[in-house]
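Trainee: The file below is coords00.pdb, PDB, C-alpha atoms and all ligand atoms:
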ATOM      1  CA  MET A   7      78.649 104.553 118.384
ATOM      2  CA  LYS A   8      78.252 102.508 121.566
ATOM      3  CA  HIS A   9      74.866 102.289 123.329
ATOM      4  CA  LEU A  10      73.692 100.590 126.510
ATOM      5  CA  ILE A  11      70.451  98.950 125.414
ATOM      6  CA  SER A  12      71.262  95.455 126.669
ATOM      7  CA  LEU A  13      74.387  94.031 128.261
ATOM      8  CA  ARG A  14      74.163  91.194 125.739
ATOM      9  CA  ASP A  15      75.884  93.657 123.389
ATOM     10  CA  TRP A  16      78.716  94.308 125.857
ATOM     11  CA  THR A  17      81.791  92.143 126.345
ATOM     12  CA  ALA A  18      83.054  91.037 129.745
ATOM     13  CA  GLU A  19      86.008  93.402 129.245
ATOM     14  CA  GLU A  20      83.700  96.383 128.665
ATOM     15  CA  ILE A  21      81.668  95.526 131.765
ATOM     16  CA  LYS A  22      84.850  95.211 133.845
ATOM     17  CA  GLU A  23      86.165  98.507 132.467
ATOM     18  CA  VAL A  24      83.013 100.367 133.508
ATOM     19  CA  LEU A  25      82.943  98.732 136.952
ATOM     20  CA  ASN A  26      86.597  99.550 137.580
ATOM     21  CA  LYS A  27      85.896 103.134 136.563
ATOM     22  CA  ALA A  28      82.844 103.300 138.865
ATOM     23  CA  LEU A  29      84.993 102.101 141.790
ATOM     24  CA  GLU A  30      87.606 104.715 140.928
ATOM     25  CA  ILE A  31      85.103 107.571 140.524
ATOM     26  CA  LYS A  32      83.436 106.727 143.824
ATOM     27  CA  LYS A  33      86.788 107.000 145.641
ATOM     28  CA  ASN A  34      87.935 110.143 143.808
ATOM     29  CA  GLN A  35      84.768 112.089 143.052
ATOM     30  CA  GLU A  36      86.472 115.509 143.038
ATOM     31  CA  LYS A  37      88.703 114.461 140.130
ATOM     32  CA  TYR A  38      85.641 114.181 137.890
ATOM     33  CA  TYR A  39      83.831 117.428 138.727
ATOM     34  CA  ASP A  40      84.211 119.042 135.292
ATOM     35  CA  VAL A  41      84.675 116.080 132.954
ATOM     36  CA  LEU A  42      81.297 116.594 131.253
ATOM     37  CA  LYS A  43      81.264 120.407 131.348
ATOM     38  CA  GLY A  44      79.016 121.710 128.561
ATOM     39  CA  LYS A  45      77.438 118.259 127.961
ATOM     40  CA  THR A  46      73.707 117.599 128.201
ATOM     41  CA  LEU A  47      71.955 114.386 129.206
ATOM     42  CA  ILE A  48      68.334 114.096 128.104
ATOM     43  CA  MET A  49      66.263 111.789 130.301
ATOM     44  CA  LEU A  50      63.028 110.600 128.726
ATOM     45  CA  PHE A  51      60.710 108.785 131.126
ATOM     46  CA  GLU A  52      57.612 106.930 129.939
ATOM     47  CA  LYS A  53      57.289 105.361 133.414
ATOM     48  CA  THR A  54      57.841 106.587 136.955
ATOM     49  CA  SER A  55      61.220 106.526 138.729
ATOM     50  CA  THR A  56      62.964 107.560 141.918
ATOM     51  CA  ARG A  57      66.513 106.142 141.816
ATOM     52  CA  THR A  58      67.143 106.219 138.097
ATOM     53  CA  ARG A  59      66.171 109.845 137.761
ATOM     54  CA  LEU A  60      68.050 110.914 140.901
ATOM     55  CA  SER A  61      71.212 109.014 140.041
ATOM     56  CA  PHE A  62      71.438 110.235 136.446
ATOM     57  CA  GLU A  63      70.529 113.819 137.276
ATOM     58  CA  THR A  64      72.857 114.045 140.291
ATOM     59  CA  GLY A  65      75.553 112.177 138.394
ATOM     60  CA  MET A  66      75.434 114.643 135.532
ATOM     61  CA  THR A  67      75.601 117.592 137.954
ATOM     62  CA  GLN A  68      78.613 116.089 139.725
ATOM     63  CA  LEU A  69      80.378 115.553 136.390
ATOM     64  CA  GLY A  70      79.891 119.214 135.441
ATOM     65  CA  GLY A  71      77.154 118.676 132.851
ATOM     66  CA  HIS A  72      73.428 119.270 132.754
ATOM     67  CA  ALA A  73      70.466 116.877 132.742
ATOM     68  CA  ILE A  74      67.016 117.602 131.288
ATOM     69  CA  PHE A  75      64.021 115.603 132.522
ATOM     70  CA  LEU A  76      61.296 114.832 129.981
ATOM     71  CA  ASP A  77      58.116 113.108 131.059
ATOM     72  CA  LYS A  78      56.217 111.596 128.153
ATOM     73  CA  ARG A  79      52.914 112.809 129.624
ATOM     74  CA  THR A  80      53.956 116.465 129.577
ATOM     75  CA  THR A  81      55.641 116.553 126.165
ATOM     76  CA  GLN A  82      54.574 116.216 122.529
ATOM     77  CA  PHE A  83      55.539 112.519 122.719
ATOM     78  CA  MET A  84      51.885 112.203 123.811
ATOM     79  CA  ILE A  85      50.477 113.486 120.545
ATOM     80  CA  ALA A  86      53.063 112.867 117.789
ATOM     81  CA  GLU A  87      54.838 109.865 116.303
ATOM     82  CA  PHE A  88      57.612 108.600 118.569
ATOM     83  CA  ILE A  89      60.169 108.356 115.782
ATOM     84  CA  ASP A  90      59.882 112.034 114.857
ATOM     85  CA  GLU A  91      59.939 113.284 118.427
ATOM     86  CA  ILE A  92      62.946 111.133 119.366
ATOM     87  CA  ARG A  93      64.919 112.258 116.299
ATOM     88  CA  ALA A  94      64.285 115.876 117.224
ATOM     89  CA  THR A  95      65.059 115.241 120.907
ATOM     90  CA  MET A  96      68.488 113.845 120.062
ATOM     91  CA  ARG A  97      69.429 117.147 118.364
ATOM     92  CA  PHE A  98      69.464 118.877 121.778
ATOM     93  CA  GLY A  99      71.722 116.607 123.825
ATOM     94  CA  ASP A 100      74.954 114.641 123.881
ATOM     95  CA  ILE A 101      73.540 111.475 125.437
ATOM     96  CA  LEU A 102      69.997 110.097 125.832
ATOM     97  CA  MET A 103      68.631 108.069 128.727
ATOM     98  CA  HIS A 104      65.275 106.455 127.962
ATOM     99  CA  ARG A 105      62.835 104.516 130.159
ATOM    100  CA  PRO A 106      60.299 103.298 127.589
ATOM    101  CA  LEU A 107      56.988 101.540 127.962
ATOM    102  CA  LYS A 108      58.333  98.845 125.633
ATOM    103  CA  ASN A 109      61.788  97.750 124.434
ATOM    104  CA  LYS A 110      60.514  98.290 120.867
ATOM    105  CA  SER A 111      60.857 102.081 121.342
ATOM    106  CA  LEU A 112      64.539 101.678 122.223
ATOM    107  CA  MET A 113      65.062  99.583 119.095
ATOM    108  CA  GLU A 114      63.409 102.282 116.992
ATOM    109  CA  ALA A 115      65.475 105.021 118.638
ATOM    110  CA  GLU A 116      68.682 103.041 118.104
ATOM    111  CA  LYS A 117      68.025 102.880 114.348
ATOM    112  CA  VAL A 118      68.036 106.686 114.080
ATOM    113  CA  ALA A 119      70.515 107.388 116.874
ATOM    114  CA  THR A 120      72.801 110.373 116.540
ATOM    115  CA  ILE A 121      73.924 110.193 120.202
ATOM    116  CA  PRO A 122      74.502 107.265 122.633
ATOM    117  CA  ILE A 123      71.342 105.765 124.140
ATOM    118  CA  ILE A 124      71.015 104.278 127.622
ATOM    119  CA  ASN A 125      68.203 101.862 128.448
ATOM    120  CA  ALA A 126      66.893 102.995 131.829
ATOM    121  CA  LEU A 127      64.646  99.905 132.178
ATOM    122  CA  CYS A 128      62.403  98.181 129.699
ATOM    123  CA  GLU A 129      60.330  95.018 130.073
ATOM    124  CA  LYS A 130      63.342  92.827 129.173
ATOM    125  CA  TYR A 131      66.438  94.507 130.644
ATOM    126  CA  HIS A 132      67.686  96.927 133.270
ATOM    127  CA  PRO A 133      71.385  97.176 132.430
ATOM    128  CA  CYS A 134      72.136 100.207 134.635
ATOM    129  CA  GLN A 135      70.685  98.343 137.619
ATOM    130  CA  ALA A 136      72.744  95.225 136.942
ATOM    131  CA  LEU A 137      75.978  97.204 136.638
ATOM    132  CA  SER A 138      75.379  99.023 139.904
ATOM    133  CA  ASP A 139      74.328  95.785 141.617
ATOM    134  CA  ALA A 140      77.596  94.238 140.485
ATOM    135  CA  LEU A 141      79.373  97.281 141.921
ATOM    136  CA  THR A 142      77.678  96.725 145.297
ATOM    137  CA  MET A 143      78.473  93.002 145.342
ATOM    138  CA  ILE A 144      82.102  93.731 144.402
ATOM    139  CA  GLU A 145      82.431  96.233 147.251
ATOM    140  CA  LYS A 146      80.966  93.720 149.714
ATOM    141  CA  SER A 147      83.262  90.950 148.422
ATOM    142  CA  GLY A 148      86.631  92.660 148.830
ATOM    143  CA  GLY A 149      86.563  95.665 146.523
ATOM    144  CA  LYS A 150      88.050  94.329 143.295
ATOM    145  CA  VAL A 151      86.045  93.278 140.245
ATOM    146  CA  GLU A 152      87.788  89.873 140.327
ATOM    147  CA  ASP A 153      86.458  89.314 143.863
ATOM    148  CA  LEU A 154      83.015  88.583 142.433
ATOM    149  CA  LYS A 155      84.324  85.508 140.622
ATOM    150  CA  GLY A 156      83.041  82.313 142.246
ATOM    151  CA  LYS A 157      80.514  84.115 144.448
ATOM    152  CA  LYS A 158      77.058  82.554 144.665
ATOM    153  CA  ILE A 159      74.068  84.757 143.946
ATOM    154  CA  VAL A 160      70.471  83.662 144.471
ATOM    155  CA  TRP A 161      67.557  85.512 142.905
ATOM    156  CA  LEU A 162      64.213  84.880 144.611
ATOM    157  CA  GLY A 163      60.627  85.061 143.405
ATOM    158  CA  ILE A 164      59.937  86.149 139.853
ATOM    159  CA  GLY A 165      62.238  86.052 136.833
ATOM    160  CA  ASP A 166      62.111  89.493 135.233
ATOM    161  CA  ASN A 167      63.966  92.275 133.432
ATOM    162  CA  VAL A 168      66.316  92.866 136.375
ATOM    163  CA  SER A 169      67.131  89.170 136.863
ATOM    164  CA  ASN A 170      67.809  88.819 133.115
ATOM    165  CA  THR A 171      70.391  91.543 133.283
ATOM    166  CA  LEU A 172      71.908  90.298 136.525
ATOM    167  CA  VAL A 173      72.309  86.866 134.913
ATOM    168  CA  GLU A 174      74.153  88.541 132.043
ATOM    169  CA  VAL A 175      76.545  90.433 134.336
ATOM    170  CA  CYS A 176      77.175  87.569 136.768
ATOM    171  CA  THR A 177      77.941  84.989 134.110
ATOM    172  CA  LYS A 178      80.243  87.413 132.290
ATOM    173  CA  LEU A 179      82.103  88.139 135.539
ATOM    174  CA  GLY A 180      82.404  84.489 136.599
ATOM    175  CA  ALA A 181      79.842  84.527 139.429
ATOM    176  CA  LYS A 182      77.300  81.742 139.904
ATOM    177  CA  ILE A 183      73.655  82.782 139.717
ATOM    178  CA  THR A 184      70.620  80.697 140.587
ATOM    179  CA  LEU A 185      67.107  81.878 139.870
ATOM    180  CA  CYS A 186      64.944  80.363 142.604
ATOM    181  CA  ILE A 187      61.614  81.348 141.143
ATOM    182  CA  ALA A 188      58.015  80.303 140.799
ATOM    183  CA  GLU A 189      57.506  81.947 137.406
ATOM    184  CA  LYS A 190      58.928  84.400 134.922
ATOM    185  CA  ASP A 191      57.281  87.614 133.876
ATOM    186  CA  PRO A 192      56.212  86.586 130.342
ATOM    187  CA  ASP A 193      57.178  89.979 128.866
ATOM    188  CA  SER A 194      60.728  89.657 130.160
ATOM    189  CA  ILE A 195      61.646  86.272 128.686
ATOM    190  CA  ASP A 196      64.764  86.246 126.485
ATOM    191  CA  GLU A 197      65.482  82.621 125.548
ATOM    192  CA  GLU A 198      68.740  83.411 123.753
ATOM    193  CA  LEU A 199      70.097  85.200 126.814
ATOM    194  CA  GLU A 200      69.169  82.198 128.991
ATOM    195  CA  GLU A 201      70.794  79.769 126.552
ATOM    196  CA  GLU A 202      74.020  81.795 126.445
ATOM    197  CA  ALA A 203      74.048  81.964 130.250
ATOM    198  CA  ARG A 204      73.470  78.192 130.571
ATOM    199  CA  GLU A 205      76.435  77.515 128.306
ATOM    200  CA  THR A 206      78.731  79.216 130.838
ATOM    201  CA  GLY A 207      77.798  76.592 133.459
ATOM    202  CA  LEU A 208      77.271  79.419 135.962
ATOM    203  CA  TYR A 209      73.497  79.795 135.607
ATOM    204  CA  GLU A 210      70.698  77.594 136.842
ATOM    205  CA  GLU A 211      67.015  77.728 137.693
ATOM    206  CA  THR A 212      65.299  75.931 140.540
ATOM    207  CA  THR A 213      62.260  76.022 142.789
ATOM    208  CA  ASP A 214      64.238  74.526 145.701
ATOM    209  CA  LEU A 215      64.899  77.110 148.418
ATOM    210  CA  ASN A 216      67.769  74.992 149.776
ATOM    211  CA  CYS A 217      69.955  76.915 147.316
ATOM    212  CA  LEU A 218      69.899  79.731 149.906
ATOM    213  CA  LYS A 219      72.149  77.754 152.272
ATOM    214  CA  ASP A 220      75.491  78.789 150.805
ATOM    215  CA  ALA A 221      74.476  81.992 148.986
ATOM    216  CA  ASP A 222      76.679  85.083 149.296
ATOM    217  CA  PHE A 223      73.980  87.456 148.014
ATOM    218  CA  VAL A 224      70.221  87.093 147.807
ATOM    219  CA  HIS A 225      68.229  89.414 145.560
ATOM    220  CA  THR A 226      64.547  89.896 145.016
ATOM    221  CA  ASP A 227      62.321  92.248 143.054
ATOM    222  CA  THR A 228      58.706  93.292 142.826
ATOM    223  CA  TRP A 229      56.038  90.835 141.735
ATOM    224  CA  ILE A 230      53.995  93.812 140.590
ATOM    225  CA  ASN A 231      54.995  95.574 137.371
ATOM    226  CA  MET A 232      54.666  99.358 137.107
ATOM    227  CA  GLU A 233      51.853  98.863 134.570
ATOM    228  CA  PHE A 234      49.762  97.410 137.415
ATOM    229  CA  PHE A 235      49.472 100.876 138.990
ATOM    230  CA  ASP A 236      47.466 103.927 137.985
ATOM    231  CA  LYS A 237      48.693 107.521 138.329
ATOM    232  CA  ASP A 238      47.636 107.586 141.990
ATOM    233  CA  GLY A 239      49.627 104.447 142.841
ATOM    234  CA  LYS A 240      46.537 102.201 143.044
ATOM    235  CA  VAL A 241      46.457  98.776 141.370
ATOM    236  CA  VAL A 242      44.382  99.093 138.206
ATOM    237  CA  GLU A 243      41.143  97.149 138.009
ATOM    238  CA  ASN A 244      42.152  94.635 135.318
ATOM    239  CA  PHE A 245      45.386  93.612 137.141
ATOM    240  CA  ARG A 246      43.787  92.943 140.555
ATOM    241  CA  GLU A 247      42.999  89.289 139.850
ATOM    242  CA  GLU A 248      46.481  88.707 138.418
ATOM    243  CA  LEU A 249      48.055  90.382 141.447
ATOM    244  CA  GLU A 250      46.164  88.066 143.818
ATOM    245  CA  ARG A 251      47.220  85.041 141.734
ATOM    246  CA  ARG A 252      50.843  86.165 141.837
ATOM    247  CA  LYS A 253      50.781  86.784 145.584
ATOM    248  CA  LYS A 254      49.713  83.165 146.179
ATOM    249  CA  ILE A 255      52.311  81.681 143.834
ATOM    250  CA  PHE A 256      55.248  83.826 144.914
ATOM    251  CA  MET A 257      54.621  83.986 148.674
ATOM    252  CA  PRO A 258      56.873  80.953 149.483
ATOM    253  CA  TYR A 259      59.753  82.991 148.012
ATOM    254  CA  GLN A 260      59.117  86.111 150.084
ATOM    255  CA  LEU A 261      62.475  87.411 151.340
ATOM    256  CA  SER A 262      62.154  87.611 155.116
ATOM    257  CA  LYS A 263      64.256  87.164 158.238
ATOM    258  CA  ALA A 264      62.331  83.934 158.920
ATOM    259  CA  LEU A 265      63.158  82.526 155.486
ATOM    260  CA  LEU A 266      66.867  83.284 155.905
ATOM    261  CA  GLU A 267      66.870  81.658 159.353
ATOM    262  CA  LYS A 268      64.991  78.596 158.095
ATOM    263  CA  TYR A 269      67.670  77.967 155.454
ATOM    264  CA  ASP A 270      70.581  79.056 157.645
ATOM    265  CA  CYS A 271      71.356  81.735 155.078
ATOM    266  CA  ASN A 272      73.846  84.476 155.898
ATOM    267  CA  ALA A 273      73.738  86.163 152.490
ATOM    268  CA  LYS A 274      73.762  89.911 151.987
ATOM    269  CA  ILE A 275      70.217  91.073 151.196
ATOM    270  CA  MET A 276      69.636  93.059 148.012
ATOM    271  CA  HIS A 277      66.619  94.678 146.352
ATOM    272  CA  CYS A 278      66.781  97.162 143.491
ATOM    273  CA  MET A 279      63.769  99.030 144.958
ATOM    274  CA  ALA A 280      60.993 100.168 145.039
ATOM    275  CA  CYS A 281      60.180  97.596 147.771
ATOM    276  CA  HIS A 282      56.656  96.272 148.225
ATOM    277  CA  ILE A 283      56.653  95.415 151.904
ATOM    278  CA  ASP A 284      54.898  92.131 152.781
ATOM    279  CA  CYS A 285      54.862  91.119 149.123
ATOM    280  CA  GLU A 286      58.330  90.152 147.831
ATOM    281  CA  ILE A 287      60.141  91.387 150.961
ATOM    282  CA  THR A 288      59.371  92.045 154.616
ATOM    283  CA  ARG A 289      60.332  95.020 156.772
ATOM    284  CA  ASP A 290      62.630  92.804 158.850
ATOM    285  CA  ALA A 291      64.581  91.861 155.717
ATOM    286  CA  VAL A 292      64.941  95.470 154.496
ATOM    287  CA  ASP A 293      66.200  96.526 157.957
ATOM    288  CA  HIS A 294      68.185  93.324 158.596
ATOM    289  CA  PRO A 295      71.883  93.655 159.584
ATOM    290  CA  ASN A 296      72.735  91.820 156.330
ATOM    291  CA  SER A 297      70.758  94.260 154.205
ATOM    292  CA  VAL A 298      72.840  96.334 151.773
ATOM    293  CA  ILE A 299      69.777  97.746 150.029
ATOM    294  CA  PHE A 300      70.547 101.408 150.662
ATOM    295  CA  ASP A 301      74.214 101.076 149.645
ATOM    296  CA  GLN A 302      72.836  99.371 146.545
ATOM    297  CA  ALA A 303      70.569 102.369 145.861
ATOM    298  CA  GLU A 304      73.436 104.849 146.289
ATOM    299  CA  ASN A 305      75.643 102.890 143.930
ATOM    300  CA  ARG A 306      73.267 103.730 141.092
ATOM    301  CA  LEU A 307      74.893 107.179 141.200
ATOM    302  CA  HIS A 308      78.484 105.959 140.924
ATOM    303  CA  ALA A 309      77.660 103.431 138.219
ATOM    304  CA  GLN A 310      75.687 105.946 136.108
ATOM    305  CA  LYS A 311      78.674 108.283 136.093
ATOM    306  CA  ALA A 312      80.943 105.532 134.777
ATOM    307  CA  ILE A 313      78.347 104.497 132.169
ATOM    308  CA  MET A 314      78.013 108.056 130.841
ATOM    309  CA  LEU A 315      81.771 108.616 130.741
ATOM    310  CA  PHE A 316      82.266 105.306 128.937
ATOM    311  CA  LEU A 317      79.616 106.032 126.297
ATOM    312  CA  LEU A 318      80.900 109.577 125.790
ATOM    313  CA  GLU A 319      84.476 108.228 125.619
ATOM    314  CA  LYS A 320      85.565 110.517 128.467
ATOM    315  CA  TRP A 321      87.964 108.480 130.558
ATOM    316  CA  LYS A 322      89.775 111.634 131.777
ATOM    317  CA  LYS A 323      91.338 111.259 135.235
TER     318      LYS A 323
HETATM  319  N1  LIG A 401      65.577 100.406 140.660
HETATM  320  C1  LIG A 401      65.074 101.429 139.928
HETATM  321  O1  LIG A 401      65.225 101.494 138.694
HETATM  322  O2  LIG A 401      64.481 102.382 140.681
HETATM  323  P1  LIG A 401      63.471 103.466 140.078
HETATM  324  O3  LIG A 401      62.372 102.731 139.371
HETATM  325  O4  LIG A 401      63.015 104.245 141.254
HETATM  326  O5  LIG A 401      64.232 104.327 139.101
END
With the file now loaded, output its structure as structure tokens.

Mentor:
Amino acid sequence: MKHLISLRDWTAEEIKEVLNKALEIKKNQEKYYDVLKGKTLIMLFEKTSTRTRLSFETGMTQLGGHAIFLDKRTTQFMIAEFIDEIRATMRFGDILMHRPLKNKSLMEAEKVATIPIINALCEKYHPCQALSDALTMIEKSGGKVEDLKGKKIVWLGIGDNVSNTLVEVCTKLGAKITLCIAEKDPDSIDEELEEEARETGLYEETTDLNCLKDADFVHTDTWINMEFFDKDGKVVENFREELERRKKIFMPYQLSKALLEKYDCNAKIMHCMACHIDCEITRDAVDHPNSVIFDQAENRLHAQKAIMLFLLEKWKK
């Protein structure tokens, strides 16, 4: 049974197959309206979400199936052992999407899996995001998966779960990716992934912002992990000092109109969202003519559909 826990487990051919299908589904949505009729997606969230929930839930509706939202805080996952609850949960659906607090939960779920599992973001990877980001870059590069080959992608600020997964996709599709970062989120580091990426000759790390000059796409992401916030969206007491430290270190990498002008950069601007304005990105970058951030958000929908069809082996036209 195939899962989507990390794209390290997927071949370049599998990634290309899903991206080609996403492009096809997006152009011919009506052809797929009943492909997953009678199928149920269970979405288990241990962290908050806007785009991931919307894209999976809408995607399942548009494919003729049904999606069930489970929030850890309002289920028995709060009071029982994870392994028992997840085994029971899998008896009710055909496919499971899980946003865990830690990757370890996904590993445990995989060991007892009776249905395909999708990682909807953990501290190390965000494979659904990377696939839909590739979809957006492909569309903006000519519309064919091969068009991404040779493109130059710069990632600004902090190395994290999303950059890890983007590195994986870009190097497998023949695109060059440079992490122009001050630091990596310690929880996200995957040395084997980095080593494999380096061996392709397509991946590098730098602190030199001159790499922006000939970039085709520039991405950034939050410096502030979800764990930094309480249930009211306020930064929790014991992360405040760390947040201030990060703001100082990462500020030279803030994605802004001024930064792009300084380095004569005409790249398309990307951010997986949620944006933290005046931290990693400025309002004038989000609303910049080169910004494709909202197309990028919408493409989560088209990519999720292709991911679910691939894992459920439903390539019906
Ligand atoms: N990019 C992303 O995963 O968005 P959400 O956290 O809103 O789902």

Trainee: Could you name the residues that touch region 79-87 of chain A at 9 Å or less, counting only C-alpha atoms, but leaving out those on the same chain fewer than 5 positions away, as a PyMOL selection string?

Mentor: chain A and resi 51-52+92

Trainee: Leaving out Phe245 (chain A) and any residue of its chain fewer than 2 positions from it, which residues lie within 12 Å of it when counting all atoms listed in the file, given as a ChimeraX atom specification?

Mentor: /A:229-236,240-243,247-252

Trainee: Here is a test: counting only C-alpha atoms and all ligand atoms, which residue of A:Leu127, A:Met113, A:Ala291, A:Ile21 is nearest to ligand LIG 401 (chain A)?

Mentor: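 Closest to ligand LIG 401 (chain A) of all the choices is A:Leu127.
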
Trainee: With all atoms listed in the file as the counted atoms, please give the residues lying no more than 10 Å from Leu42 (chain A), apart from itself and same-chain residues fewer than 4 positions off, as a PyMOL selection string.

Mentor: chain A and resi 38+46-47+66-72+100+311+314-315+318+320+322

Trainee: Check which residues satisfy the PyMOL selection byres (((chain A and resi 192) around 10) and not hetatm) in the file shown, then give them as an mmCIF file with C-alpha atoms, in the coordinates of the input.

Mentor:
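After the write, result_31.cif holds the following:
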data_model
loop_
_atom_site.group_PDB
_atom_site.id
_atom_site.type_symbol
_atom_site.label_atom_id
_atom_site.label_comp_id
_atom_site.auth_asym_id
_atom_site.auth_seq_id
_atom_site.Cartn_x
_atom_site.Cartn_y
_atom_site.Cartn_z
ATOM 1 C CA GLU A 129 60.330 95.018 130.073
ATOM 2 C CA LYS A 130 63.342 92.827 129.173
ATOM 3 C CA GLY A 165 62.238 86.052 136.833
ATOM 4 C CA ASP A 166 62.111 89.493 135.233
ATOM 5 C CA GLU A 189 57.506 81.947 137.406
ATOM 6 C CA LYS A 190 58.928 84.400 134.922
ATOM 7 C CA ASP A 191 57.281 87.614 133.876
ATOM 8 C CA ASP A 193 57.178 89.979 128.866
ATOM 9 C CA SER A 194 60.728 89.657 130.160
ATOM 10 C CA ILE A 195 61.646 86.272 128.686
ATOM 11 C CA ASP A 196 64.764 86.246 126.485
#

Trainee: Given the file above and the PyMOL selection byres (((chain A and resi 203) around 12) and not hetatm), which residues are selected, and can you give them as a ChimeraX atom specification?

Mentor: /A:14,169-185,196-202,204-211

Trainee: CA of Cys128 (chain A) and CA of Lys110 (chain A), how far apart in Å?

Mentor: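 CA of Lys110 (chain A) sits 9.0 Å away from CA of Cys128 (chain A).
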
Trainee: I'd like to know which of A:Gln35, A:Asn244, A:Ser12, A:Thr228 is closest to ligand LIG 401 (chain A), using all atoms listed in the file.

Mentor: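 The closest residue to ligand LIG 401 (chain A) is A:Thr228.
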
Trainee: May I ask you to write as a PyMOL selection string all residues lying at most 8 Å from ligand LIG 401 (chain A), with only C-alpha atoms and all ligand atoms counted?

Mentor: chain A and resi 54-60+126-127+132+135+278-280+303

Trainee: Expanded to explicit residues, what is the PyMOL selection byres (((chain A and resi 102) around 9) and not hetatm) for this file, as a list in words?

Mentor: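 Here the PyMOL selection byres (((chain A and resi 102) around 9) and not hetatm) matches Thr46, Leu47, Ile48, Met49, Leu50, Thr95, Met96, Gly99, Asp100, Ile101, Met103, His104, Ile121, Pro122, Ile123, Ile124 and Asn125 of chain A.
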
Trainee: Could you check which of A:Leu112, A:Met143, A:Ala73, A:Ala119 is closest to Lys8 (chain A), using only C-alpha atoms?

Mentor: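 Of the candidates, the smallest distance to Lys8 (chain A) is held by A:Ala119.
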
Trainee: Please, what distance in Å, to one decimal, runs between CA of Asn167 (chain A) and CA of Ala115 (chain A)?

Mentor: 19.6 Å

Trainee: Asn34 (chain A): which residues within 12 Å, counting all atoms listed in the file, same-chain residues fewer than 4 positions away excluded, as a list in words?

Mentor: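 In the requested form, the answer reads Lys27, Ala28, Leu29, Glu30, Tyr38, Tyr39, Gln68, Leu69, His308 and Lys323 of chain A.
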
Trainee: Rounded to one decimal in Å, what is the spacing between CA of Glu286 (chain A) and CA of Gln310 (chain A)?

Mentor: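 Taking CA of Glu286 (chain A) and CA of Gln310 (chain A), their separation equals 26.2 Å.
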
Trainee: Taking all atoms listed in the file into account, name the residue in A:Arg246, A:Leu76, A:Ala188, A:Gln260 that is nearest to Lys53 (chain A).

Mentor: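 Going through A:Arg246, A:Leu76, A:Ala188, A:Gln260 one by one, the smallest distance to Lys53 (chain A) is for A:Leu76.
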
Trainee: Write out as a PyMOL selection string each polymer residue whose atoms come within 10 Å of His294 (chain A), counting only C-alpha atoms; drop sequence neighbours fewer than 4 positions from it.

Mentor: chain A and resi 262-263+274-275+288-290+298-299

Trainee: Take the point (72.9, 81.2, 151.3) as written in the file and pick out every residue within 8 Å of it, counting only C-alpha atoms; give the list as an mmCIF file with C-alpha atoms, in the frame of the given file.

Mentor:
data_model
loop_
_atom_site.group_PDB
_atom_site.id
_atom_site.type_symbol
_atom_site.label_atom_id
_atom_site.label_comp_id
_atom_site.auth_asym_id
_atom_site.auth_seq_id
_atom_site.Cartn_x
_atom_site.Cartn_y
_atom_site.Cartn_z
ATOM 1 C CA LYS A 158 77.058 82.554 144.665
ATOM 2 C CA VAL A 160 70.471 83.662 144.471
ATOM 3 C CA CYS A 217 69.955 76.915 147.316
ATOM 4 C CA LEU A 218 69.899 79.731 149.906
ATOM 5 C CA LYS A 219 72.149 77.754 152.272
ATOM 6 C CA ASP A 220 75.491 78.789 150.805
ATOM 7 C CA ALA A 221 74.476 81.992 148.986
ATOM 8 C CA ASP A 222 76.679 85.083 149.296
ATOM 9 C CA PHE A 223 73.980 87.456 148.014
ATOM 10 C CA VAL A 224 70.221 87.093 147.807
ATOM 11 C CA LEU A 266 66.867 83.284 155.905
ATOM 12 C CA TYR A 269 67.670 77.967 155.454
ATOM 13 C CA ASP A 270 70.581 79.056 157.645
ATOM 14 C CA CYS A 271 71.356 81.735 155.078
ATOM 15 C CA ASN A 272 73.846 84.476 155.898
ATOM 16 C CA ALA A 273 73.738 86.163 152.490
#

Trainee: Mind working out the centre and edge lengths of an axis-aligned box for region 103-118 of chain A, all listed atoms inside, 3 Å added to each side, rounded to one decimal in Å and written as AutoDock Vina command-line options?

Mentor:
--center_x 62.8 --center_y 102.9 --center_z 122.1 --size_x 17.7 --size_y 16.3 --size_z 22.1

Trainee: Could you tell me which of A:Glu116, A:Asp139, A:Lys37, A:Leu25 comes closest to Leu10 (chain A) if we count only C-alpha atoms?

Mentor: A:Glu116
